[in-house]
$ cat entry.txt   # compact mmCIF, C-alpha atoms
# COMPACT_ATOMS: atom_id res chain seq x y z
CA MET A 1 -6.36 -46.69 29.60
CA THR A 2 -2.68 -47.53 29.27
CA GLU A 3 -2.05 -50.14 26.60
CA SER A 4 -0.78 -53.43 28.02
CA ARG A 5 2.53 -54.32 26.41
CA ARG A 6 5.42 -56.67 26.95
CA GLU A 7 8.34 -55.42 28.97
CA PRO A 8 10.86 -53.63 26.71
CA LEU A 9 13.50 -56.37 26.95
CA ALA A 10 11.18 -59.38 27.18
CA GLY A 11 12.73 -62.26 25.25
CA LEU A 12 16.32 -61.12 25.79
CA ARG A 13 18.33 -63.83 27.54
CA VAL A 14 21.49 -62.82 29.43
CA LEU A 15 24.09 -65.11 30.97
CA ASP A 16 25.59 -63.11 33.82
CA LEU A 17 28.99 -64.13 35.21
CA THR A 18 29.62 -60.87 37.08
CA ARG A 19 30.07 -60.31 40.81
CA LEU A 20 30.01 -57.55 43.42
CA LEU A 21 28.79 -54.16 42.12
CA PRO A 22 29.38 -53.04 38.49
CA GLY A 23 28.15 -56.03 36.45
CA PRO A 24 25.30 -56.96 38.79
CA VAL A 25 23.92 -53.40 38.64
CA ALA A 26 24.14 -53.49 34.83
CA THR A 27 22.30 -56.80 34.61
CA GLN A 28 19.73 -55.69 37.17
CA HIS A 29 18.78 -52.85 34.84
CA LEU A 30 18.33 -55.44 32.09
CA ALA A 31 16.28 -57.69 34.38
CA ASP A 32 14.09 -54.81 35.53
CA LEU A 33 13.30 -54.13 31.87
CA GLY A 34 12.18 -57.70 31.34
CA ALA A 35 15.31 -59.56 30.25
CA ASP A 36 15.77 -63.13 31.49
CA VAL A 37 19.01 -62.68 33.42
CA ILE A 38 20.61 -65.91 34.58
CA LYS A 39 23.09 -65.23 37.37
CA ILE A 40 25.78 -67.91 37.17
CA GLU A 41 27.92 -68.46 40.26
CA ASP A 42 30.57 -71.04 41.06
CA THR A 43 29.75 -73.95 43.35
CA GLY A 44 31.91 -72.54 46.15
CA GLU A 45 31.60 -69.06 47.62
CA GLY A 46 29.81 -67.62 44.62
CA ASP A 47 29.27 -63.87 44.44
CA TYR A 48 31.18 -62.36 47.38
CA ALA A 49 28.46 -59.72 47.73
CA ARG A 50 26.15 -62.35 49.26
CA THR A 51 27.92 -62.19 52.61
CA MET A 52 29.40 -58.67 52.68
CA GLY A 53 28.19 -57.04 55.90
CA ALA A 54 25.69 -59.82 56.60
CA LYS A 55 25.23 -61.92 59.70
CA PRO A 56 26.24 -65.60 59.40
CA GLY A 57 23.66 -67.52 57.39
CA GLU A 58 21.98 -64.37 56.06
CA THR A 59 22.10 -62.65 52.69
CA SER A 60 23.46 -59.12 52.69
CA ALA A 61 21.31 -56.10 51.90
CA PHE A 62 23.98 -55.19 49.32
CA PHE A 63 23.34 -58.41 47.40
CA LYS A 64 19.57 -58.01 47.58
CA LEU A 65 19.77 -54.47 46.25
CA VAL A 66 21.56 -55.39 43.01
CA ASN A 67 20.30 -58.87 42.12
CA ARG A 68 16.50 -58.74 42.02
CA ASN A 69 14.50 -60.08 39.08
CA LYS A 70 17.22 -62.61 38.19
CA ARG A 71 17.33 -66.38 38.11
CA ALA A 72 20.31 -68.21 39.60
CA LEU A 73 22.40 -71.18 38.50
CA ARG A 74 25.44 -72.67 40.23
CA LEU A 75 27.98 -74.04 37.77
CA ASP A 76 31.59 -75.20 38.13
CA LEU A 77 33.34 -73.77 35.09
CA LYS A 78 36.66 -75.29 36.15
CA GLN A 79 35.35 -78.70 35.14
CA PRO A 80 34.88 -79.76 31.49
CA GLU A 81 31.31 -80.79 32.24
CA GLY A 82 30.54 -77.31 33.56
CA VAL A 83 32.08 -75.69 30.49
CA ALA A 84 29.95 -77.95 28.30
CA VAL A 85 26.81 -76.87 30.15
CA PHE A 86 27.68 -73.19 29.71
CA ARG A 87 28.36 -73.65 26.02
CA ARG A 88 24.95 -75.29 25.63
CA LEU A 89 23.30 -72.39 27.43
CA THR A 90 24.85 -69.90 25.01
CA LEU A 91 22.93 -71.48 22.13
CA SER A 92 19.74 -69.79 23.37
CA ALA A 93 21.39 -66.70 24.85
CA ASP A 94 21.57 -63.21 23.39
CA VAL A 95 24.20 -61.80 25.75
CA VAL A 96 27.08 -63.07 27.87
CA ILE A 97 28.43 -60.52 30.33
CA GLU A 98 31.56 -61.12 32.41
CA GLY A 99 33.93 -59.18 34.62
CA PHE A 100 37.05 -61.35 34.83
CA ARG A 101 40.55 -60.19 33.97
CA PRO A 102 41.41 -60.40 30.27
CA GLY A 103 42.19 -63.96 29.18
CA VAL A 104 40.26 -65.81 31.90
CA MET A 105 37.31 -66.68 29.68
CA GLU A 106 39.63 -67.78 26.87
CA ARG A 107 41.50 -70.11 29.22
CA LEU A 108 38.18 -71.67 30.21
CA GLY A 109 37.37 -72.23 26.54
CA LEU A 110 34.55 -69.69 26.81
CA GLY A 111 36.00 -66.62 25.10
CA TYR A 112 34.16 -64.62 22.48
CA GLU A 113 35.66 -66.44 19.50
CA ALA A 114 34.75 -69.86 20.90
CA LEU A 115 31.20 -68.91 21.84
CA SER A 116 30.44 -66.92 18.70
CA ALA A 117 31.36 -70.00 16.68
CA LEU A 118 28.43 -71.71 18.42
CA ASN A 119 26.08 -68.72 18.30
CA PRO A 120 27.12 -66.08 15.75
CA ARG A 121 24.52 -63.55 16.98
CA LEU A 122 25.85 -63.64 20.55
CA VAL A 123 26.86 -60.34 22.14
CA PHE A 124 29.76 -60.85 24.54
CA CYS A 125 30.37 -57.98 26.98
CA SER A 126 33.54 -57.76 29.08
CA ILE A 127 33.78 -55.29 31.97
CA THR A 128 37.26 -54.66 33.35
CA GLY A 129 39.16 -51.90 35.08
CA TYR A 130 41.53 -51.11 32.22
CA GLY A 131 40.26 -52.95 29.14
CA GLN A 132 41.25 -56.01 27.15
CA ASP A 133 44.54 -54.50 25.95
CA GLY A 134 47.10 -51.85 26.86
CA PRO A 135 49.93 -51.98 29.41
CA TYR A 136 47.56 -52.01 32.42
CA ALA A 137 45.18 -54.70 31.14
CA GLN A 138 46.22 -57.31 33.72
CA ARG A 139 46.40 -54.97 36.69
CA ALA A 140 43.99 -55.23 39.60
CA GLY A 141 42.04 -52.15 40.56
CA HIS A 142 39.02 -50.66 42.29
CA ASP A 143 36.91 -47.54 41.85
CA ILE A 144 39.47 -45.31 43.56
CA ASN A 145 42.15 -46.43 41.09
CA TYR A 146 39.99 -45.91 37.99
CA ILE A 147 38.89 -42.39 38.91
CA GLY A 148 42.47 -41.63 39.91
CA TYR A 149 43.83 -42.54 36.48
CA ALA A 150 41.00 -40.69 34.71
CA GLY A 151 41.84 -37.34 36.31
CA VAL A 152 38.57 -37.18 38.25
CA LEU A 153 39.69 -38.01 41.80
CA ASP A 154 42.14 -35.11 41.59
CA GLN A 155 39.16 -32.76 41.15
CA ILE A 156 37.17 -33.92 44.20
CA GLY A 157 37.72 -32.06 47.47
CA ALA A 158 38.01 -28.64 49.04
CA ALA A 159 40.41 -25.96 47.86
CA GLY A 160 43.83 -26.41 49.39
CA ALA A 161 42.95 -29.85 50.77
CA PRO A 162 43.81 -33.37 49.54
CA PRO A 163 41.51 -35.26 47.16
CA VAL A 164 38.45 -36.77 48.86
CA VAL A 165 37.27 -40.31 48.16
CA PRO A 166 33.59 -40.07 47.18
CA ASN A 167 31.03 -42.37 48.81
CA PHE A 168 29.60 -43.00 45.37
CA GLN A 169 31.42 -45.40 43.10
CA ILE A 170 31.84 -43.29 39.98
CA GLY A 171 34.00 -45.78 38.10
CA ASP A 172 32.02 -48.84 39.13
CA LEU A 173 28.59 -47.36 38.39
CA LEU A 174 29.14 -44.86 35.59
CA GLY A 175 31.89 -46.97 34.07
CA GLY A 176 31.03 -50.54 34.99
CA ALA A 177 27.24 -50.50 35.12
CA LEU A 178 25.87 -47.86 32.75
CA ALA A 179 28.53 -47.71 30.02
CA PRO A 180 28.28 -51.46 29.28
CA LEU A 181 24.52 -51.15 28.78
CA VAL A 182 24.97 -48.66 25.96
CA GLY A 183 27.48 -50.88 24.20
CA LEU A 184 25.74 -54.22 24.64
CA LEU A 185 22.26 -52.95 23.74
CA ALA A 186 23.66 -51.28 20.62
CA ALA A 187 25.30 -54.60 19.74
CA VAL A 188 22.05 -56.49 20.40
CA ILE A 189 20.14 -54.19 18.03
CA ASP A 190 22.80 -54.74 15.38
CA ALA A 191 22.84 -58.50 15.96
CA ARG A 192 19.09 -58.72 15.49
CA ALA A 193 19.40 -56.84 12.20
CA THR A 194 22.46 -58.63 10.83
CA GLY A 195 22.69 -61.96 12.68
CA CYS A 196 26.22 -61.07 13.80
CA GLY A 197 27.13 -60.35 17.41
CA ARG A 198 30.08 -58.40 18.75
CA HIS A 199 32.58 -58.38 21.59
CA VAL A 200 31.88 -55.26 23.68
CA ASP A 201 35.01 -54.26 25.61
CA VAL A 202 34.32 -51.76 28.42
CA ALA A 203 37.08 -50.41 30.66
CA MET A 204 35.85 -48.55 33.73
CA THR A 205 38.79 -46.15 33.51
CA ASP A 206 37.91 -45.35 29.89
CA ALA A 207 34.29 -44.70 30.81
CA VAL A 208 35.18 -42.24 33.56
CA LEU A 209 37.58 -40.37 31.28
CA ALA A 210 34.93 -40.29 28.54
CA HIS A 211 32.70 -38.25 30.86
CA ALA A 212 35.37 -36.00 32.40
CA VAL A 213 34.06 -33.10 30.35
CA PHE A 214 34.45 -30.25 32.84
CA PRO A 215 37.95 -31.18 34.03
CA LEU A 216 39.06 -31.24 30.38
CA ALA A 217 37.25 -27.99 29.60
CA GLY A 218 39.02 -26.39 32.54
CA LEU A 219 42.37 -27.68 31.34
CA LEU A 220 41.81 -26.32 27.85
CA ALA A 221 40.72 -22.93 29.18
CA ARG A 222 43.68 -22.50 31.55
CA LEU A 223 46.35 -24.64 29.89
CA ALA A 224 46.72 -26.12 33.38
CA PRO A 225 44.67 -28.58 35.46
CA PRO A 226 41.65 -26.92 37.10
CA PRO A 227 42.27 -26.14 40.77
CA ARG A 228 40.63 -28.58 43.16
CA GLY A 229 37.60 -27.09 44.87
CA ALA A 230 38.00 -23.76 43.11
CA ASP A 231 36.48 -24.24 39.65
CA LEU A 232 33.01 -23.20 38.49
CA LEU A 233 31.28 -26.41 39.56
CA SER A 234 33.53 -27.43 42.43
CA GLY A 235 33.15 -24.53 44.87
CA GLY A 236 35.06 -21.70 43.23
CA VAL A 237 32.14 -19.28 42.93
CA PRO A 238 29.53 -18.18 45.49
CA CYS A 239 26.50 -19.13 43.40
CA TYR A 240 27.34 -22.86 43.29
CA GLY A 241 28.27 -24.59 46.51
CA VAL A 242 27.26 -26.04 49.86
CA TYR A 243 26.54 -23.87 52.89
CA ALA A 244 26.17 -24.97 56.53
CA THR A 245 23.02 -24.19 58.48
CA ALA A 246 22.52 -23.32 62.16
CA ASP A 247 21.81 -26.95 63.08
CA GLY A 248 24.89 -28.39 61.42
CA ARG A 249 23.07 -29.46 58.25
CA HIS A 250 23.66 -28.02 54.78
CA MET A 251 21.93 -26.36 51.84
CA ALA A 252 22.92 -26.91 48.20
CA VAL A 253 23.04 -23.65 46.25
CA GLY A 254 22.96 -24.12 42.47
CA ALA A 255 22.02 -20.62 41.34
CA LEU A 256 24.27 -20.63 38.26
CA GLU A 257 21.98 -18.58 36.06
CA LYS A 258 21.92 -14.84 36.76
CA LYS A 259 18.14 -14.77 37.28
CA PHE A 260 18.37 -17.49 39.96
CA TRP A 261 21.29 -15.79 41.72
CA GLU A 262 19.49 -12.46 41.83
CA ARG A 263 16.35 -14.14 43.13
CA LEU A 264 18.47 -15.82 45.84
CA CYS A 265 20.03 -12.50 46.86
CA ASP A 266 16.61 -10.85 47.05
CA THR A 267 15.25 -13.70 49.16
CA LEU A 268 18.17 -13.35 51.57
CA GLU A 269 17.79 -9.55 51.55
CA ARG A 270 21.36 -9.24 50.29
CA PRO A 271 21.02 -7.38 46.97
CA ASP A 272 24.58 -6.13 47.49
CA LEU A 273 25.84 -9.65 46.60
CA LYS A 274 24.29 -9.62 43.12
CA PRO A 275 27.49 -8.40 41.36
CA CYS A 276 29.41 -11.36 42.87
CA HIS A 277 27.45 -13.98 40.93
CA LEU A 278 30.39 -15.66 39.13
CA SER A 279 33.24 -14.04 41.03
CA PHE A 280 36.42 -16.03 41.62
CA GLY A 281 39.39 -15.05 43.75
CA THR A 282 39.28 -12.56 46.60
CA ARG A 283 35.91 -11.10 45.67
CA GLY A 284 34.32 -14.51 45.32
CA GLU A 285 35.78 -15.74 48.61
CA GLN A 286 34.42 -12.71 50.43
CA ALA A 287 30.96 -13.26 48.94
CA LYS A 288 31.07 -16.92 49.97
CA ARG A 289 31.96 -15.97 53.54
CA GLU A 290 29.09 -13.52 53.72
CA LEU A 291 26.68 -16.03 52.23
CA ALA A 292 27.89 -18.65 54.70
CA ALA A 293 27.19 -16.28 57.58
CA VAL A 294 23.63 -15.76 56.35
CA PHE A 295 22.92 -19.50 56.00
CA ALA A 296 24.37 -20.13 59.46
CA GLY A 297 21.54 -18.05 60.91
CA LYS A 298 18.69 -20.52 60.35
CA SER A 299 18.17 -24.29 60.52
CA GLN A 300 17.99 -26.45 57.43
CA ALA A 301 14.24 -26.93 57.94
CA GLU A 302 13.71 -23.16 58.08
CA TRP A 303 15.72 -22.56 54.91
CA THR A 304 13.96 -25.44 53.16
CA ALA A 305 10.55 -24.02 53.98
CA MET A 306 11.65 -20.63 52.69
CA PHE A 307 13.19 -21.83 49.43
CA ASP A 308 10.40 -24.27 48.65
CA ARG A 309 8.50 -21.12 47.65
CA VAL A 310 11.35 -19.60 45.62
CA ASP A 311 12.47 -20.95 42.24
CA CYS A 312 16.23 -20.43 42.43
CA CYS A 313 17.85 -23.89 42.77
CA VAL A 314 18.43 -23.88 46.54
CA THR A 315 17.65 -27.21 48.19
CA PRO A 316 18.47 -29.19 51.34
CA VAL A 317 21.30 -31.70 51.43
CA LEU A 318 19.51 -34.88 52.53
CA HIS A 319 20.94 -38.05 54.00
CA ILE A 320 19.92 -41.33 52.33
CA GLY A 321 17.11 -42.07 54.78
CA GLU A 322 15.59 -38.66 54.10
CA ALA A 323 15.98 -39.19 50.37
CA LEU A 324 13.92 -42.40 50.61
CA ASP A 325 11.14 -40.39 52.29
CA ASN A 326 11.35 -37.42 49.95
CA GLU A 327 7.96 -36.57 48.44
CA GLN A 328 9.30 -36.12 44.89
CA LEU A 329 11.19 -39.43 44.86
CA GLN A 330 8.20 -41.16 46.42
CA ALA A 331 5.88 -39.69 43.79
CA ARG A 332 8.20 -40.95 41.06
CA GLY A 333 8.07 -44.50 42.40
CA MET A 334 11.79 -44.51 43.14
CA VAL A 335 11.41 -46.35 46.45
CA VAL A 336 9.83 -49.80 46.64
CA GLU A 337 9.64 -52.34 49.46
CA ALA A 338 10.77 -55.85 48.57
CA ASP A 339 12.78 -58.71 50.04
CA GLY A 340 12.33 -57.19 53.50
CA ILE A 341 14.11 -53.92 52.67
CA PRO A 342 13.48 -50.65 50.83
CA GLN A 343 14.86 -50.82 47.30
CA ILE A 344 15.59 -48.20 44.67
CA GLY A 345 13.38 -48.28 41.61
CA PRO A 346 14.71 -47.95 38.05
CA PRO A 347 15.42 -44.40 36.85
CA TYR A 348 13.59 -44.75 33.53
CA LYS A 349 9.86 -44.28 33.07
CA MET A 350 8.31 -45.54 29.82
CA SER A 351 4.83 -45.58 28.41
CA GLY A 352 3.36 -49.07 28.45
CA TYR A 353 5.91 -50.23 31.04
CA GLU A 354 5.30 -50.60 34.73
CA PHE A 355 8.23 -51.67 36.87
CA ALA A 356 7.70 -54.60 39.18
CA ILE A 357 9.93 -56.80 41.31
CA GLU A 358 8.90 -60.23 40.08
CA ARG A 359 11.67 -62.06 41.91
CA SER A 360 13.67 -61.30 45.02
CA ALA A 361 17.44 -61.70 44.79
CA PRO A 362 17.91 -65.46 44.28
CA ALA A 363 19.49 -67.98 46.61
CA PRO A 364 22.63 -69.70 45.24
CA GLY A 365 21.54 -71.96 42.39
CA GLN A 366 17.87 -71.43 43.20
CA HIS A 367 16.74 -71.93 39.61
CA SER A 368 19.39 -74.38 38.44
CA GLU A 369 16.98 -77.17 37.57
CA GLU A 370 14.49 -75.04 35.64
CA ILE A 371 17.26 -73.25 33.72
CA LEU A 372 18.79 -76.57 32.68
CA ARG A 373 15.39 -77.97 31.72
CA ASP A 374 14.88 -74.88 29.54
CA ALA A 375 18.17 -75.75 27.82
CA GLY A 376 17.01 -79.29 27.09
CA PHE A 377 18.63 -81.28 29.90
CA ASP A 378 16.47 -84.14 31.15
CA ARG A 379 16.14 -85.16 34.80
CA ASP A 380 18.79 -87.88 34.60
CA ALA A 381 21.33 -85.48 33.11
CA ILE A 382 20.56 -82.87 35.77
CA ASP A 383 20.84 -85.42 38.57
CA LYS A 384 24.20 -86.57 37.19
CA LEU A 385 25.51 -82.99 37.09
CA ARG A 386 24.41 -82.54 40.69
CA ARG A 387 26.11 -85.77 41.82
CA GLN A 388 29.30 -84.66 40.09
CA GLY A 389 29.20 -81.29 41.87
CA ILE A 390 28.97 -79.41 38.56
CA ILE A 391 25.78 -77.61 39.66
$ encode --input "entry.txt" --output "structure tokens"
Amino acid sequence: MTESRREPLAGLRVLDLTRLLPGPVATQHLADLGADVIKIEDTGEGDYARTMGAKPGETSAFFKLVNRNKRALRLDLKQPEGVAVFRRLTLSADVVIEGFRPGVMERLGLGYEALSALNPRLVFCSITGYGQDGPYAQRAGHDINYIGYAGVLDQIGAAGAPPVVPNFQIGDLLGGALAPLVGLLAAVIDARATGCGRHVDVAMTDAVLAHAVFPLAGLLARLAPPPRGADLLSGGVPCYGVYATADGRHMAVGALEKKFWERLCDTLERPDLKPCHLSFGTRGEQAKRELAAVFAGKSQAEWTAMFDRVDCCVTPVLHIGEALDNEQLQARGMVVEADGIPQIGPPYKMSGYEFAIERSAPAPGQHSEEILRDAGFDRDAIDKLRRQGII
């Protein structure tokens, strides 16, 4: 029998001031692991993600997908009374996470120095496009800008064609959601050991560059930027690429290792292609054309059935609906139904931990009263804050 244990982050309290995608995904990971994440929105529009793509009066699927397992508080931080409430909440908090431009929190009187004076063990995490300093610190930006500066967007696309904007937010998710978790959890561990928190400064551009390993390796090998769509992992060799099928779908071929490539060639009855494994240039292009002609002869379903029996890293390219139905992802518990929609489960599996959606994405200020009661506000004080429009 599996031992019953607390969730890994039970007892961790997080004050979440983030909006849209990067910060909310980061704090959802914390909430899924048991942290008490308090989503704090202003008393006006709040998190813009609530209405993006939604019908009037409804909450968007986007918002529901990245805000489960959180409690919600509405708070006007432009008013002194709202600032006072937030400062009181930090007394029992472990983490504050925000995504404003540098200087905004300081102007509100809620910067790291001010809050750490109240709670020295507080970890304060700032997520921005370009960081708290440097010549670009105050610039606006989005994912496309961050991956552009980091030398990654230049690498995405077909040979001889312009860069292609990916439909996966590399900067926002790798840089703005996952990178902050490493920094803030490291700081939390240190704070619990020493009693001293830290300011964790995460720039999404920095985080993308920090993981641009293959573009840099290509640069160092050639003394020139790797060619778009023509490097080892971007389509330059026949053993690693995407091939169209007879029905207009695609197969992903990842036969990088020699044994996998040779097994692929044998399966396709093309042993003559074995010497072209890692061929670039004219020879590689010819091998790719011949491989493409072979894959164009059967449907994706036919190729999938064939390669399901062959261990050589050849798999179908699925669309998102098919991915949700995929037997492996289903078996791993990666798809759960909640809040009226299918949701993506957390990517970590731990002994003694069973993921559950305890709360649907909250309505604006849904838990305001209980959060304030937890912080020691009595009913009269809460009613006064509500009359003043602070909550």
$ closest_residue --input "entry.txt" --among "A:Met251, A:Asp325, A:Gly340, A:Gly236" --to "Gln286 in chain A" --atoms "all atoms listed in the file"
A:Gly236
$ closest_residue --input "entry.txt" --among "A:Arg74, A:Arg222, A:His142, A:Lys55" --to "Thr205 in chain A" --atoms "only C-alpha atoms"
A:His142
$ residues_around --input "entry.txt" --residues "range 139-141 of chain A" --least-positions-apart "6" --cutoff "12 Å" --atoms "only C-alpha atoms" --output "PDB file with C-alpha atoms, in the frame of the given file"
ATOM      1  CA  GLY A  99      33.930 -59.180  34.620  1.00  0.00           C
ATOM      2  CA  PHE A 100      37.050 -61.350  34.830  1.00  0.00           C
ATOM      3  CA  ARG A 101      40.550 -60.190  33.970  1.00  0.00           C
ATOM      4  CA  PRO A 102      41.410 -60.400  30.270  1.00  0.00           C
ATOM      5  CA  THR A 128      37.260 -54.660  33.350  1.00  0.00           C
ATOM      6  CA  GLY A 129      39.160 -51.900  35.080  1.00  0.00           C
ATOM      7  CA  TYR A 130      41.530 -51.110  32.220  1.00  0.00           C
ATOM      8  CA  GLY A 131      40.260 -52.950  29.140  1.00  0.00           C
ATOM      9  CA  GLN A 132      41.250 -56.010  27.150  1.00  0.00           C
ATOM     10  CA  ASP A 133      44.540 -54.500  25.950  1.00  0.00           C
ATOM     11  CA  ILE A 147      38.890 -42.390  38.910  1.00  0.00           C
ATOM     12  CA  GLY A 148      42.470 -41.630  39.910  1.00  0.00           C
ATOM     13  CA  TYR A 149      43.830 -42.540  36.480  1.00  0.00           C
ATOM     14  CA  GLY A 171      34.000 -45.780  38.100  1.00  0.00           C
ATOM     15  CA  ASP A 172      32.020 -48.840  39.130  1.00  0.00           C
ATOM     16  CA  ALA A 203      37.080 -50.410  30.660  1.00  0.00           C
ATOM     17  CA  MET A 204      35.850 -48.550  33.730  1.00  0.00           C
ATOM     18  CA  THR A 205      38.790 -46.150  33.510  1.00  0.00           C
TER      19      THR A 205
END
$ closest_residue --input "entry.txt" --among "A:Pro120, A:Gly254, A:Gly176, A:Pro8" --to "Gly195 in chain A" --atoms "only C-alpha atoms"
A:Pro120
$ atom_distance --input "entry.txt" --atom1 "CA of Gly218 in chain A" --atom2 "CA of Gln155 in chain A"
10.7 Å
$ atom_distance --input "entry.txt" --atom1 "CA of Glu257 in chain A" --atom2 "CA of Tyr240 in chain A"
10.0 Å
$ closest_residue --input "entry.txt" --among "A:Gly183, A:Gly34, A:Pro22, A:Gly365" --to "Ala49 in chain A" --atoms "all atoms listed in the file"
A:Pro22
$ residues_around --input "entry.txt" --residues "Trp261 in chain A" --least-positions-apart "3" --cutoff "12 Å" --atoms "only C-alpha atoms" --output "PyMOL selection string"
chain A and resi 237-240+253-258+264-268+270-278+291+310-314
$ closest_residue --input "entry.txt" --among "A:Ile382, A:Val294, A:Ala338, A:Ala207" --to "Arg359 in chain A" --atoms "all atoms listed in the file"
A:Ala338
$ residues_around --input "entry.txt" --residues "Ala26 in chain A" --least-positions-apart "5" --cutoff "9 Å" --atoms "all atoms listed in the file" --output "list in words"
Leu21, Ala31, Val66, Leu173, Gly176, Ala177, Leu178, Ala179, Pro180 and Leu181 of chain A
$ atom_distance --input "entry.txt" --atom1 "CA of Ser279 in chain A" --atom2 "CA of Asp247 in chain A"
28.0 Å
$ closest_residue --input "entry.txt" --among "A:Arg332, A:Gly297, A:Leu122, A:Pro24" --to "Glu354 in chain A" --atoms "all atoms listed in the file"
A:Arg332
$ residues_around --input "entry.txt" --residues "Gly345 in chain A" --least-positions-apart "2" --cutoff "12 Å" --atoms "all atoms listed in the file" --output "compact mmCIF listing (two decimals) with C-alpha atoms, keeping the file's coordinate frame"
# COMPACT_ATOMS: atom_id res chain seq x y z
CA GLN A 28 19.73 -55.69 37.17
CA HIS A 29 18.78 -52.85 34.84
CA ASP A 32 14.09 -54.81 35.53
CA LEU A 33 13.30 -54.13 31.87
CA LEU A 65 19.77 -54.47 46.25
CA VAL A 66 21.56 -55.39 43.01
CA ARG A 68 16.50 -58.74 42.02
CA LEU A 324 13.92 -42.40 50.61
CA LEU A 329 11.19 -39.43 44.86
CA GLN A 330 8.20 -41.16 46.42
CA ALA A 331 5.88 -39.69 43.79
CA ARG A 332 8.20 -40.95 41.06
CA GLY A 333 8.07 -44.50 42.40
CA MET A 334 11.79 -44.51 43.14
CA VAL A 335 11.41 -46.35 46.45
CA VAL A 336 9.83 -49.80 46.64
CA GLU A 337 9.64 -52.34 49.46
CA ALA A 338 10.77 -55.85 48.57
CA PRO A 342 13.48 -50.65 50.83
CA GLN A 343 14.86 -50.82 47.30
CA PRO A 347 15.42 -44.40 36.85
CA TYR A 348 13.59 -44.75 33.53
CA LYS A 349 9.86 -44.28 33.07
CA GLU A 354 5.30 -50.60 34.73
CA PHE A 355 8.23 -51.67 36.87
CA ALA A 356 7.70 -54.60 39.18
CA ILE A 357 9.93 -56.80 41.31
$ residues_around --input "entry.txt" --residues "range 80-94 of chain A" --least-positions-apart "5" --cutoff "7 Å" --atoms "all atoms listed in the file" --output "JSON, numbers by chain"
{"A": [12, 13, 14, 15, 75, 115, 118, 119, 122, 123, 375, 390]}
$ axis_aligned_box --input "entry.txt" --around "range 112-121 of chain A" --padding-each-side "4 Å" --output "AutoDock Vina command-line options"
--center_x 30.1 --center_y -67.6 --center_z 19.1 --size_x 19.1 --size_y 16.2 --size_z 14.7
$ residues_near_point --input "entry.txt" --point "(40.7, -38.3, 41.7)" --cutoff "12 Å" --atoms "only C-alpha atoms" --output "VMD selection string"
chain A and resid 143 to 157 162 to 166 169 to 171 205 208 to 209 212 215 228
$ build_atoms --input "entry.txt" --residues "range 170-182 of chain A" --atoms "N, CA and C atoms" --output "PDB file, keeping the file's coordinate frame"
ATOM      1  N   ILE A 170      31.960 -43.887  41.307  1.00  0.00           N
ATOM      2  CA  ILE A 170      31.840 -43.290  39.980  1.00  0.00           C
ATOM      3  C   ILE A 170      32.305 -44.253  38.902  1.00  0.00           C
ATOM      4  N   GLY A 171      33.474 -44.853  39.102  1.00  0.00           N
ATOM      5  CA  GLY A 171      34.000 -45.780  38.100  1.00  0.00           C
ATOM      6  C   GLY A 171      33.172 -47.044  37.991  1.00  0.00           C
ATOM      7  N   ASP A 172      32.793 -47.596  39.135  1.00  0.00           N
ATOM      8  CA  ASP A 172      32.020 -48.840  39.130  1.00  0.00           C
ATOM      9  C   ASP A 172      30.649 -48.653  38.502  1.00  0.00           C
ATOM     10  N   LEU A 173      29.984 -47.529  38.812  1.00  0.00           N
ATOM     11  CA  LEU A 173      28.590 -47.360  38.390  1.00  0.00           C
ATOM     12  C   LEU A 173      28.464 -46.652  37.050  1.00  0.00           C
ATOM     13  N   LEU A 174      29.132 -45.509  36.898  1.00  0.00           N
ATOM     14  CA  LEU A 174      29.140 -44.860  35.590  1.00  0.00           C
ATOM     15  C   LEU A 174      29.882 -45.721  34.581  1.00  0.00           C
ATOM     16  N   GLY A 175      31.035 -46.233  34.994  1.00  0.00           N
ATOM     17  CA  GLY A 175      31.890 -46.970  34.070  1.00  0.00           C
ATOM     18  C   GLY A 175      31.536 -48.431  33.920  1.00  0.00           C
ATOM     19  N   GLY A 176      31.221 -49.101  35.039  1.00  0.00           N
ATOM     20  CA  GLY A 176      31.030 -50.540  34.990  1.00  0.00           C
ATOM     21  C   GLY A 176      29.606 -51.004  34.908  1.00  0.00           C
ATOM     22  N   ALA A 177      28.642 -50.108  35.172  1.00  0.00           N
ATOM     23  CA  ALA A 177      27.240 -50.500  35.120  1.00  0.00           C
ATOM     24  C   ALA A 177      26.504 -49.861  33.948  1.00  0.00           C
ATOM     25  N   LEU A 178      26.638 -48.541  33.787  1.00  0.00           N
ATOM     26  CA  LEU A 178      25.870 -47.860  32.750  1.00  0.00           C
ATOM     27  C   LEU A 178      26.537 -47.904  31.379  1.00  0.00           C
ATOM     28  N   ALA A 179      27.844 -47.684  31.312  1.00  0.00           N
ATOM     29  CA  ALA A 179      28.530 -47.710  30.020  1.00  0.00           C
ATOM     30  C   ALA A 179      28.361 -49.049  29.291  1.00  0.00           C
ATOM     31  N   PRO A 180      28.481 -50.188  29.986  1.00  0.00           N
ATOM     32  CA  PRO A 180      28.280 -51.460  29.280  1.00  0.00           C
ATOM     33  C   PRO A 180      26.886 -51.602  28.670  1.00  0.00           C
ATOM     34  N   LEU A 181      25.870 -51.020  29.311  1.00  0.00           N
ATOM     35  CA  LEU A 181      24.520 -51.150  28.780  1.00  0.00           C
ATOM     36  C   LEU A 181      24.380 -50.491  27.424  1.00  0.00           C
ATOM     37  N   VAL A 182      25.023 -49.338  27.256  1.00  0.00           N
ATOM     38  CA  VAL A 182      24.970 -48.660  25.960  1.00  0.00           C
ATOM     39  C   VAL A 182      25.593 -49.540  24.890  1.00  0.00           C
TER      40      VAL A 182
END
